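Visitor: Take a look at this one; I'll ask things after.
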Amino acid sequence: MRVIPFFSWLILTVAIIIGLDKQWGSIPSIGKFLSPQHGFWQNADPYDKDFGGDLKFPQLLDSVNVYTDERMVPHVFATNDHDAYFIQGYVHAKFRLWQMEFEVYAAGGRISELIGEKAVNFDREKRRLGMVYAAEKSVAEMEKDPVTKNEADAYTAGVNAYIDNLKESELPIEYKLLSYKPEHWTNLKTALFLKYMSLDLAGHENDFEYTNVRNFLGISTFEKMYPYGQDSLDPIVPEGTEFPPPGMNVKFPSNVDSVYFMKTDSSEAILENKPDRENGSNNWAVSGKKTRSGKPILCNDPHLGLNLPSLWFEMQIHTPKFNAYGASFPAAPGIVIGFNDSCAFGFTNAERDVRDYYEIRFRDSTMKEYLFNGKWIETSFRYDTIKVKGGSDFIDTVAYTLFGPVMYDRKFTGNRTAGTKYYAVRWKAHDASNELKTFYLLDHAKNYDDYYAAIQNLHTPGQNCIFASKMGDIAIWDQGEFPAKWRRQGDFIMPGLDSSYAWQGTIPQQENPHLVNPDRGYVSSANQFPADPKKYPYYLGGYFPPYRGLIINKVLSNMVNITIDSMERLQTNNFNEFAAMAVPLILRNLDPDSLDANERDYLDTLKKWNFFNDANEAGATVFVLTWESFENVVWSDELGKCKGPTTFPESSTLLESILKDSTFEFLDNINTPKKETLRDDILAAFRKSTVSLKSLDIEKKLSWEKFKDTRISHLARLAPFSSMHLNVGGGLNCINAATADHGPSWRMIVELTDTTNAFGIYPGGQSGNPGSRYYDDFVDDWSKGKYYKLWVMNKSDFNDFKVKYKMSFGK
Amino acid sequence: MKFLIALLLTALLSFVGGLWLPWWEIAGASFIVSVIIPQNSRKCFFAGFVGIFLEWGILSWWIDFKNNSILSQKIAQILPLGGSSYLLIFTTAIIGGIVGGLSALAASYLRPASK
C-alpha cells in the first residue's frame, strides 16, 4: 500500500462527495439531485407511464376501483363513502402532495422552515392573524359532527397511506429542490387549507387606508370619494325588490360621531399584505324555459390566483350514496364545484368585509392587561414558535383579547416606522364553523331543500351559492354568517375600549339576499352588490365591482334557446362594459387638435376600438393606460395629503361621478392655483399615457395580450415550472376576467338533462409533477377558450375506450 | 480487456447499488472494482470515471428520451444550463464520473506499486 497517495486521493474523494452531498444555502445536494436513481431524473415520468396497479390497504372496508381517463381524471368507484374519501386522499396525494402541503405551510405560517429568515415576517403575519387558532377551532367543530369526522379521518388516512408508501426517490421534485420531506397529514391541515381559502376570499379590507383618508381629509370628503352604493348597479336580487323589516336591529354607538366619524387623530399607517381583491367569480343558472333542451343550465367560473399546480383537481366520486363530478381542492375531501345525478352547484365570492380592527389600550407594554368596559382584563397569550431554516427558532408572543389576536403591536409593527398602538383583529373566520359539511351535503343533495340545508353550514367565506336541479329549480343564496353592522361599521379602525363598537350580532340567515325560481328565468352573480343598498336593511360593506354583473344580466335577459355553445361563448366573452361607458366620455372631452400627430395615432386606435379586450386589440391597452393615468391625475393630489398608505377610490365611483357631474370637485388639482376641468385632466392623462404607449409600441408590446402578459406561475415562483406569456384576452371588468396572474380558474357548464351534459376546463393539468405530460396539458386549450366534455362514467363503462388506466385497491 | 471488464463491472455494480443505497454508493462501487481488478492507477481512474460516466449518462439519457425531455429542459433552466437537455445529461455524467474515477484512483494505491 502506498500510504501517502492513497490517503491523499481518498481524502480528496471524500471531500468531493461531502461537498456534493451538502446543501449550500438554497442549493440542494448536487450529487443526490443529479443521481439518475435518486434525484430529479426520477421525476421525469415516461411519456407512456402506466398509472394502473393493484394496492392493498388494511384501512379500506371493501375494494375500490379508480379508472383514469385520457385527461388523467380519476373516476372513483367505491361501495361506501368512507372508502371513497380514503381513496380521494390517496389520489390527491399521489398527484398533488407537494402543493397540498405547501399551501398548508403558507396558511399556517411555516414557510421559514423551507426558505429561512426571509419568510419570517410572512409567517408572523399568518400566525398573528390567528390562522392556526382559527383552524384549531374549525377542526374541533368538524370533529364534533360524526359525518364530517369520518369523512376527514378517512381522507387523512388516505393521504398518509400514500406518504407512508412513498420512496425517497419518488418524492415530488419540489421536496428535492428545497431539501425537505413530507410530514403526516392531519385533519388540522385540511382545516388550515380551508382557512387559506377564507383568507383569500374573506380576508380583504381597507381599514387602515380608509382611516388614514378620514384622518387627513375628513369624513365628508371621504364619503364623496368612497360612497356607499353605485348608480350602475344590477344587484343579485333585482332592484326594486322589497325586503321585510330586519329581524335584527343594529344601533349606532352613542358617541359614534365624536369617537368614530369625526375622529382625526394620527392612526398609524400600517401596510398590510392583502389577498387579491379581484378574487371574485361569475356564476349563473338559467331555467328550462330559456334553454333549447328545456332543462336548466348552470355555469360557474371562479376567479382566483392562477398557479401551477392548479388549485383544482378534477375527479368523479361514485358510491351507493352519491355520484359527484367536478373540481375538488387537493387538501380537502369532497367535490367543491360540480354536480351529481340530481343537481349542480357553484360559488362566487360574497365580497363582504368581515375583518375589522380595534385599537386596544393596554395597561403597559407588557400587554398583560387591557382596558375593557372600565375594567382591566387579563390578556391571554399564545406562543408561536416559527422554525427557521438555517437559523434559530423565532418565538412570537401574540396577545389575545376579547376581540381577537393583537395583530399589530410594538414587536410587529406592520411596516410602521415605530408602532406605538395596538390593533386587535376581529375576523369572522375565527368563529367555529364546519364548511366541510357544506360540500359533503351538496355532493349528496337531491333537490332544492337539500341544497338549502347544505349551505346553512357555510359561514366563512361568504359565497353566492348557485344551484340548479334536474327537477327544474334554479336558485342563488348570498350565503354566509355575516355580521350585522351599522352603516360604515368597521370601515375605519374602531375603538376597543368597551363593547359598544363590537359586532352586535349576525344577519339572520333567512334574511340573506336570495333569489329562487324568479320569473325572469335566470339567477346570476358576479361579485356585485347582492342587493340594492338603498333597500336592503343591513349595511353591505365590502368591494363590489358592478360591471361583470351588468353585462351578464343584460345578455342573459335577452337570451332564449340557450345551449352549451352559447354559454361557452358567454363565459369566454371579452366585452369590457366599463370601457364601453368610459371611452365615449374620454372621446367627448379630448380635443384632437391639442394633440400632436403621434398622440393622435393612439387616439385613433382608441376611437376604432370595439370595447372587446381581445388578445390582439391595441385599443384595450390604450384605454387601460389612459384610465390609469386619469385616476392618477384626479386622485393623487388629494391622497398625497394623507401620510401613509391609502387606496384609490373605485373606478366606478370616478366614472359615475363625472358622468353625473362634469365639474366633479376632485377634478381640480389642489396643488395649482388654476382650476382644472374635466377636459384638462383627460388631456393631461392621455398625454401621460402616450409616453408609455410609445415605449410599448417600440417593444412591440402594444397588443392587449402582450401588454397584459397572462401567466400561470408555479407556487414556489420557479419560472421554468410556470406557463408564461399566454395569448389570452379578457381582463378586469370582462366576463373572461383573466388578468396577468389571476382569472377563471375552473370554467364549468352543466346542462341538467336526464343524462347530465357537462363541460369544463381549468388552466393546469391533473398532475402536479412538472416532469409529467399531464402537468400543464390543459393550459393551451384554456387559453383558446376551449372546453372538455366532462365524462360522467357509469358502472357499465368499465371497458370503455376512454378508460386508460385502472387502479385497484383492496383490503 | 481487463480495463473493459473493470469499466462494465463498475457500471453494473453501481447500478445495482443505486437501487438501495444513497447516491454516493457509486464511489463504493468503483472503489471495490478497483481493488478486485488490479490495474495501474491511471487505468483504475479511467475505468471508474468512464464506468460511472456511462452509467449515469445512459440512465439519464434513457429517462430523458422516455420523458420527451419535458423535465430536463426545465431543470436545465433552473441550474442554469441554458435549457439544454444534453448539457444536463453531460453534467450529470461528468459529476458521477469524477466521483467514480477519484474513488477508483484512491483504491488503486491500496496495492504496492507494480511494474
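By order in the C-alpha cells, chains are A, B, ...; within a chain, residues start at 1; ligands start at 1, following the order shown.
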Fewer than 5 positions away in the same chain doesn't count, so skip those; otherwise give me all residues within 6 Å of stretch 329-338 of chain A, counting only C-alpha atoms, as a ChimeraX atom specification.

Guide: /A:92,100,190,312,344-346,439

Visitor: Limited to N, CA and C atoms, could you put the picked residues into a file as a PDB file, in the first residue's frame?

Guide:
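After the write, out.pdb holds the following:
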ATOM      1  N   HIS A  92     -55.369  12.440  -4.323  1.00  0.00           N
ATOM      2  CA  HIS A  92     -54.886  13.818  -4.208  1.00  0.00           C
ATOM      3  C   HIS A  92     -53.388  13.824  -3.900  1.00  0.00           C
ATOM      4  N   MET A 100     -50.297  20.426  -1.770  1.00  0.00           N
ATOM      5  CA  MET A 100     -51.192  20.355  -0.603  1.00  0.00           C
ATOM      6  C   MET A 100     -50.451  20.806   0.641  1.00  0.00           C
ATOM      7  N   THR A 190     -56.244  19.914   6.854  1.00  0.00           N
ATOM      8  CA  THR A 190     -57.413  20.163   5.996  1.00  0.00           C
ATOM      9  C   THR A 190     -58.088  21.464   6.421  1.00  0.00           C
ATOM     10  N   TRP A 312     -57.183  23.475  -8.352  1.00  0.00           N
ATOM     11  CA  TRP A 312     -58.258  22.496  -8.543  1.00  0.00           C
ATOM     12  C   TRP A 312     -57.739  21.166  -9.032  1.00  0.00           C
ATOM     13  N   ALA A 344     -76.693  20.612  -9.829  1.00  0.00           N
ATOM     14  CA  ALA A 344     -75.354  21.201  -9.997  1.00  0.00           C
ATOM     15  C   ALA A 344     -75.232  22.381  -9.051  1.00  0.00           C
ATOM     16  N   PHE A 345     -73.983  22.710  -8.660  1.00  0.00           N
ATOM     17  CA  PHE A 345     -73.782  23.785  -7.680  1.00  0.00           C
ATOM     18  C   PHE A 345     -72.450  24.481  -7.946  1.00  0.00           C
ATOM     19  N   GLY A 346     -72.390  25.745  -7.522  1.00  0.00           N
ATOM     20  CA  GLY A 346     -71.159  26.508  -7.707  1.00  0.00           C
ATOM     21  C   GLY A 346     -71.159  27.734  -6.815  1.00  0.00           C
ATOM     22  N   PHE A 439     -69.892  21.058   1.538  1.00  0.00           N
ATOM     23  CA  PHE A 439     -69.543  20.297   0.335  1.00  0.00           C
ATOM     24  C   PHE A 439     -70.065  18.864   0.437  1.00  0.00           C
TER      25      PHE A 439
END

Visitor: A:Pro770: which residues within 9 Å, counting only C-alpha atoms, same-chain residues fewer than 2 positions away excluded, as a list in words?

Guide: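 Residues near the query, excluding close chain neighbours: Asn43, Ala44, Ile173, Leu308, Pro309, Phe721, Ser722, Ser767, Gly768, Ser772, Arg773, Tyr774, Tyr775 and Asp776 of chain A; Ile70, Leu71 and Lys74 of chain B.
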
Visitor: What lies within 9 Å of B:Ile37 using only C-alpha atoms, ignoring chain neighbours under 2 positions off, as a ChimeraX atom specification?

Guide: /B:2-3,5-6,32-35,39,44

Visitor: Counting only C-alpha atoms, which residues of chain A come no farther than 9 Å from chain B, as an MDAnalysis selection string?

Guide: chainID A and resid 1:14 16:17 20:21 30:48 718:721 770:773

Visitor: If we count only C-alpha atoms, what is near stretch 656-665 of chain A at a cut-off of 8 Å, once residues fewer than 4 positions away on the same chain are taken out, given as a PyMOL selection string?

Guide: chain A and resi 230-232+585+652+677-678

Visitor: Using the selection just defined, write its residues with C-alpha atoms as a tab-separated table (two decimals), in the first residue's frame.

Guide:
chain	number	residue	atom	x	y	z
A	230	GLN	CA	-73.38	52.55	-7.06
A	231	ASP	CA	-75.51	54.07	-9.81
A	232	SER	CA	-74.72	51.48	-12.45
A	585	LEU	CA	-66.73	60.17	-22.18
A	652	SER	CA	-66.82	53.00	-10.84
A	677	THR	CA	-61.57	70.94	-15.55
A	678	LEU	CA	-62.51	67.50	-16.83

Visitor: Please compute the atom CA of A:Gly203-atom CA of A:Pro461 distance, one decimal, in Å.

Guide: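 Spanning atom CA of A:Gly203 to atom CA of A:Pro461 is a straight-line distance of 8.6 Å.
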
Visitor: Enumerate the residues of stretch 33-109 of chain B with a DSSP assignment of alpha helix (DSSP H), computed from the backbone, and present them as a ChimeraX atom specification.

Guide: /B:33-36,41-66,70-78,85-108

Visitor: Name all residues at most 9 Å from A:Leu192 (count only C-alpha atoms; drop same-chain ones fewer than 4 positions away) and give them as a list in words.

Guide: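 Once the adjacent positions are removed, what remains is Glu103, Val104, Tyr105, Ala107, Gly108, Met131, Val132, Ala134, Ala135, Glu136, Ser138, Val139, Asn187, Leu188, Tyr196 and Met197 of chain A.
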
Visitor: Wanna dump the stretch 338-377 of chain A-stretch 752-763 of chain A contacts at 10 Å for me, each residue with its shortest atom pair and the distance in Å to one decimal, counting only C-alpha atoms, ordered by chain and number, as a Markdown table?

Guide:
| residue | atom | partner | partner_atom | distance |
| --- | --- | --- | --- | --- |
| A:Gly338 | CA | A:Ala758 | CA | 9.4 |
| A:Phe339 | CA | A:Thr756 | CA | 8.7 |
| A:Asn340 | CA | A:Thr756 | CA | 8.6 |
| A:Asp341 | CA | A:Thr756 | CA | 7.3 |
| A:Ser342 | CA | A:Leu752 | CA | 7.9 |
| A:Cys343 | CA | A:Leu752 | CA | 7.0 |
| A:Ala344 | CA | A:Leu752 | CA | 7.7 |

Visitor: Store the residues of this selection in a file with N, CA and C atoms, as a short mmCIF file (atom, residue, chain, number, x, y, z; two decimals), in the first residue's frame.

Guide:
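Saved the output as selection-v2.cif:
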data_model
loop_
_atom_site.label_atom_id
_atom_site.label_comp_id
_atom_site.auth_asym_id
_atom_site.auth_seq_id
_atom_site.Cartn_x
_atom_site.Cartn_y
_atom_site.Cartn_z
N GLY A 338 -69.33 21.50 -8.76
CA GLY A 338 -69.61 20.40 -9.66
C GLY A 338 -71.07 20.04 -9.70
N PHE A 339 -71.33 18.76 -9.84
CA PHE A 339 -72.72 18.30 -9.99
C PHE A 339 -72.80 16.85 -9.60
N ASN A 340 -74.02 16.42 -9.33
CA ASN A 340 -74.25 14.99 -9.10
C ASN A 340 -75.40 14.54 -10.01
N ASP A 341 -75.99 13.40 -9.73
CA ASP A 341 -77.03 12.89 -10.63
C ASP A 341 -78.31 13.71 -10.59
N SER A 342 -78.45 14.60 -9.58
CA SER A 342 -79.70 15.35 -9.44
C SER A 342 -79.55 16.84 -9.69
N CYS A 343 -78.39 17.39 -9.37
CA CYS A 343 -78.28 18.86 -9.40
C CYS A 343 -76.84 19.30 -9.61
N ALA A 344 -76.69 20.61 -9.83
CA ALA A 344 -75.35 21.20 -10.00
C ALA A 344 -75.23 22.38 -9.05
#

Visitor: What is the distance between atom CA of A:Tyr543 and atom CA of A:Phe707, in Å to one decimal?

Guide: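 Separating atom CA of A:Tyr543 from atom CA of A:Phe707 is a distance of 26.1 Å.
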
Visitor: At what distance in Å, to one decimal, does atom CA of A:Arg96 lie from atom CA of A:Pro172?

Guide: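 Separation between atom CA of A:Pro172 and atom CA of A:Arg96: 8.5 Å.
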
Visitor: Show which residues sit within 10 Å of stretch 448-454 of chain A, as a PyMOL selection string. Count only C-alpha atoms, and ignore same-chain residues fewer than 3 positions away.

Guide: chain A and resi 342-345+435-445+457-458+465-469+471-477+479+516

Visitor: Those residues with N, CA and C atoms, as a CSV table (one decimal), in the first residue's frame please?

Guide:
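Result written to selection-v7.csv:
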chain,number,residue,atom,x,y,z
A,342,SER,N,-78.4,14.6,-9.6
A,342,SER,CA,-79.7,15.3,-9.4
A,342,SER,C,-79.6,16.8,-9.7
A,343,CYS,N,-78.4,17.4,-9.4
A,343,CYS,CA,-78.3,18.9,-9.4
A,343,CYS,C,-76.8,19.3,-9.6
A,344,ALA,N,-76.7,20.6,-9.8
A,344,ALA,CA,-75.4,21.2,-10.0
A,344,ALA,C,-75.2,22.4,-9.1
A,345,PHE,N,-74.0,22.7,-8.7
A,345,PHE,CA,-73.8,23.8,-7.7
A,345,PHE,C,-72.5,24.5,-7.9
A,435,GLU,N,-67.3,24.1,7.4
A,435,GLU,CA,-67.6,24.3,6.0
A,435,GLU,C,-67.6,23.0,5.2
A,436,LEU,N,-66.8,22.1,5.7
A,436,LEU,CA,-66.7,20.8,5.0
A,436,LEU,C,-68.1,20.1,4.8
A,437,LYS,N,-68.9,20.4,5.8
A,437,LYS,CA,-70.3,19.8,5.8
A,437,LYS,C,-71.0,20.4,4.6
A,438,THR,N,-70.8,21.6,4.2
A,438,THR,CA,-71.4,22.2,3.0
A,438,THR,C,-71.2,21.3,1.8
A,439,PHE,N,-69.9,21.1,1.5
A,439,PHE,CA,-69.5,20.3,0.3
A,439,PHE,C,-70.1,18.9,0.4
A,440,TYR,N,-70.0,18.3,1.6
A,440,TYR,CA,-70.5,16.9,1.8
A,440,TYR,C,-71.9,16.9,1.4
A,441,LEU,N,-72.7,17.8,2.0
A,441,LEU,CA,-74.2,17.7,1.7
A,441,LEU,C,-74.5,18.1,0.3
A,442,LEU,N,-73.8,19.0,-0.3
A,442,LEU,CA,-74.0,19.4,-1.7
A,442,LEU,C,-73.8,18.2,-2.6
A,443,ASP,N,-72.7,17.5,-2.3
A,443,ASP,CA,-72.4,16.3,-3.2
A,443,ASP,C,-73.5,15.2,-3.1
A,444,HIS,N,-74.1,15.2,-1.9
A,444,HIS,CA,-75.2,14.2,-1.7
A,444,HIS,C,-76.6,14.8,-2.0
A,445,ALA,N,-76.7,16.1,-2.4
A,445,ALA,CA,-78.0,16.7,-2.5
A,445,ALA,C,-78.8,16.1,-3.6
A,457,ASN,N,-74.4,25.5,6.5
A,457,ASN,CA,-73.1,25.2,7.1
A,457,ASN,C,-72.0,26.1,6.6
A,458,LEU,N,-72.3,26.9,5.6
A,458,LEU,CA,-71.2,27.8,5.1
A,458,LEU,C,-71.3,29.1,5.8
A,465,CYS,N,-74.0,31.1,-3.5
A,465,CYS,CA,-74.1,29.7,-3.8
A,465,CYS,C,-75.2,29.5,-4.9
A,466,ILE,N,-74.8,29.0,-6.0
A,466,ILE,CA,-75.8,28.9,-7.1
A,466,ILE,C,-76.2,27.4,-7.2
A,467,PHE,N,-77.4,27.2,-7.7
A,467,PHE,CA,-78.0,25.9,-7.7
A,467,PHE,C,-78.9,25.7,-8.9
A,468,ALA,N,-78.9,24.5,-9.5
A,468,ALA,CA,-79.9,24.1,-10.5
A,468,ALA,C,-80.1,22.6,-10.4
A,469,SER,N,-81.4,22.2,-10.6
A,469,SER,CA,-81.6,20.8,-10.5
A,469,SER,C,-82.3,20.2,-11.7
A,471,MET,N,-85.0,18.7,-11.5
A,471,MET,CA,-86.4,18.9,-11.3
A,471,MET,C,-86.8,20.3,-11.8
A,472,GLY,N,-85.8,21.1,-12.2
A,472,GLY,CA,-86.1,22.3,-12.9
A,472,GLY,C,-85.9,23.6,-12.0
A,473,ASP,N,-85.5,23.4,-10.8
A,473,ASP,CA,-85.3,24.6,-9.9
A,473,ASP,C,-84.0,25.3,-10.2
A,474,ILE,N,-84.0,26.6,-10.1
A,474,ILE,CA,-82.8,27.3,-10.0
A,474,ILE,C,-82.8,28.3,-8.8
A,475,ALA,N,-81.6,28.5,-8.2
A,475,ALA,CA,-81.6,29.4,-7.0
A,475,ALA,C,-80.2,29.9,-6.8
A,476,ILE,N,-80.2,31.1,-6.1
A,476,ILE,CA,-79.0,31.6,-5.6
A,476,ILE,C,-79.2,32.2,-4.2
A,477,TRP,N,-78.3,31.9,-3.3
A,477,TRP,CA,-78.3,32.5,-2.0
A,477,TRP,C,-76.9,33.2,-1.8
A,479,GLN,N,-74.8,33.6,0.7
A,479,GLN,CA,-74.8,32.9,2.0
A,479,GLN,C,-73.5,33.1,2.8
A,516,VAL,N,-85.0,32.7,-5.8
A,516,VAL,CA,-85.3,31.3,-6.1
A,516,VAL,C,-86.4,31.2,-7.2

Visitor: Check the smallest atom-to-atom distance from each of B:Ile94, B:Leu9, B:Met1, B:Ser14 to B:Phe49 using only C-alpha atoms, then report the winner.

Guide: B:Ile94

Visitor: When you look at stretch 653-655 of chain A with a cut-off of 10 Å (counting only C-alpha atoms), what residues show up, excluding the ones that are within fewer than 5 positions of it in the same chain? I need them as a list in words.

Guide: Lys224, Met225, Tyr226, Pro227, Tyr228, Gly229, Gln230, Asp231, Ser232, Phe578, Met581, Ala582, Leu585, Trp627, Phe630, Glu631, Val634, Trp635, Phe648, Lys660, Asp661, Phe664, Phe666 and Leu667 of chain A

Visitor: I need the chosen residues saved as an mmCIF file, in the first residue's frame, with C-alpha atoms.

Guide:
data_model
loop_
_atom_site.group_PDB
_atom_site.id
_atom_site.type_symbol
_atom_site.label_atom_id
_atom_site.label_comp_id
_atom_site.auth_asym_id
_atom_site.auth_seq_id
_atom_site.Cartn_x
_atom_site.Cartn_y
_atom_site.Cartn_z
ATOM 1 C CA LYS A 224 -67.657 61.684 -1.566
ATOM 2 C CA MET A 225 -64.594 59.709 -2.572
ATOM 3 C CA TYR A 226 -65.744 56.349 -1.237
ATOM 4 C CA PRO A 227 -69.537 56.482 -1.390
ATOM 5 C CA TYR A 228 -71.740 53.602 -0.325
ATOM 6 C CA GLY A 229 -73.614 52.117 -3.288
ATOM 7 C CA GLN A 230 -73.383 52.547 -7.055
ATOM 8 C CA ASP A 231 -75.510 54.069 -9.811
ATOM 9 C CA SER A 232 -74.715 51.475 -12.447
ATOM 10 C CA PHE A 578 -66.648 49.596 -18.082
ATOM 11 C CA MET A 581 -69.152 53.537 -20.638
ATOM 12 C CA ALA A 582 -65.860 55.337 -20.146
ATOM 13 C CA LEU A 585 -66.729 60.167 -22.184
ATOM 14 C CA TRP A 627 -57.771 55.423 -17.460
ATOM 15 C CA PHE A 630 -56.603 59.671 -15.455
ATOM 16 C CA GLU A 631 -57.165 58.237 -11.966
ATOM 17 C CA VAL A 634 -57.600 63.089 -10.373
ATOM 18 C CA TRP A 635 -56.742 61.480 -7.041
ATOM 19 C CA PHE A 648 -57.646 54.916 -4.778
ATOM 20 C CA LYS A 660 -73.339 62.832 -13.389
ATOM 21 C CA ASP A 661 -71.349 65.997 -12.897
ATOM 22 C CA PHE A 664 -66.811 66.952 -10.016
ATOM 23 C CA PHE A 666 -61.863 66.395 -7.262
ATOM 24 C CA LEU A 667 -61.014 67.130 -10.889
#
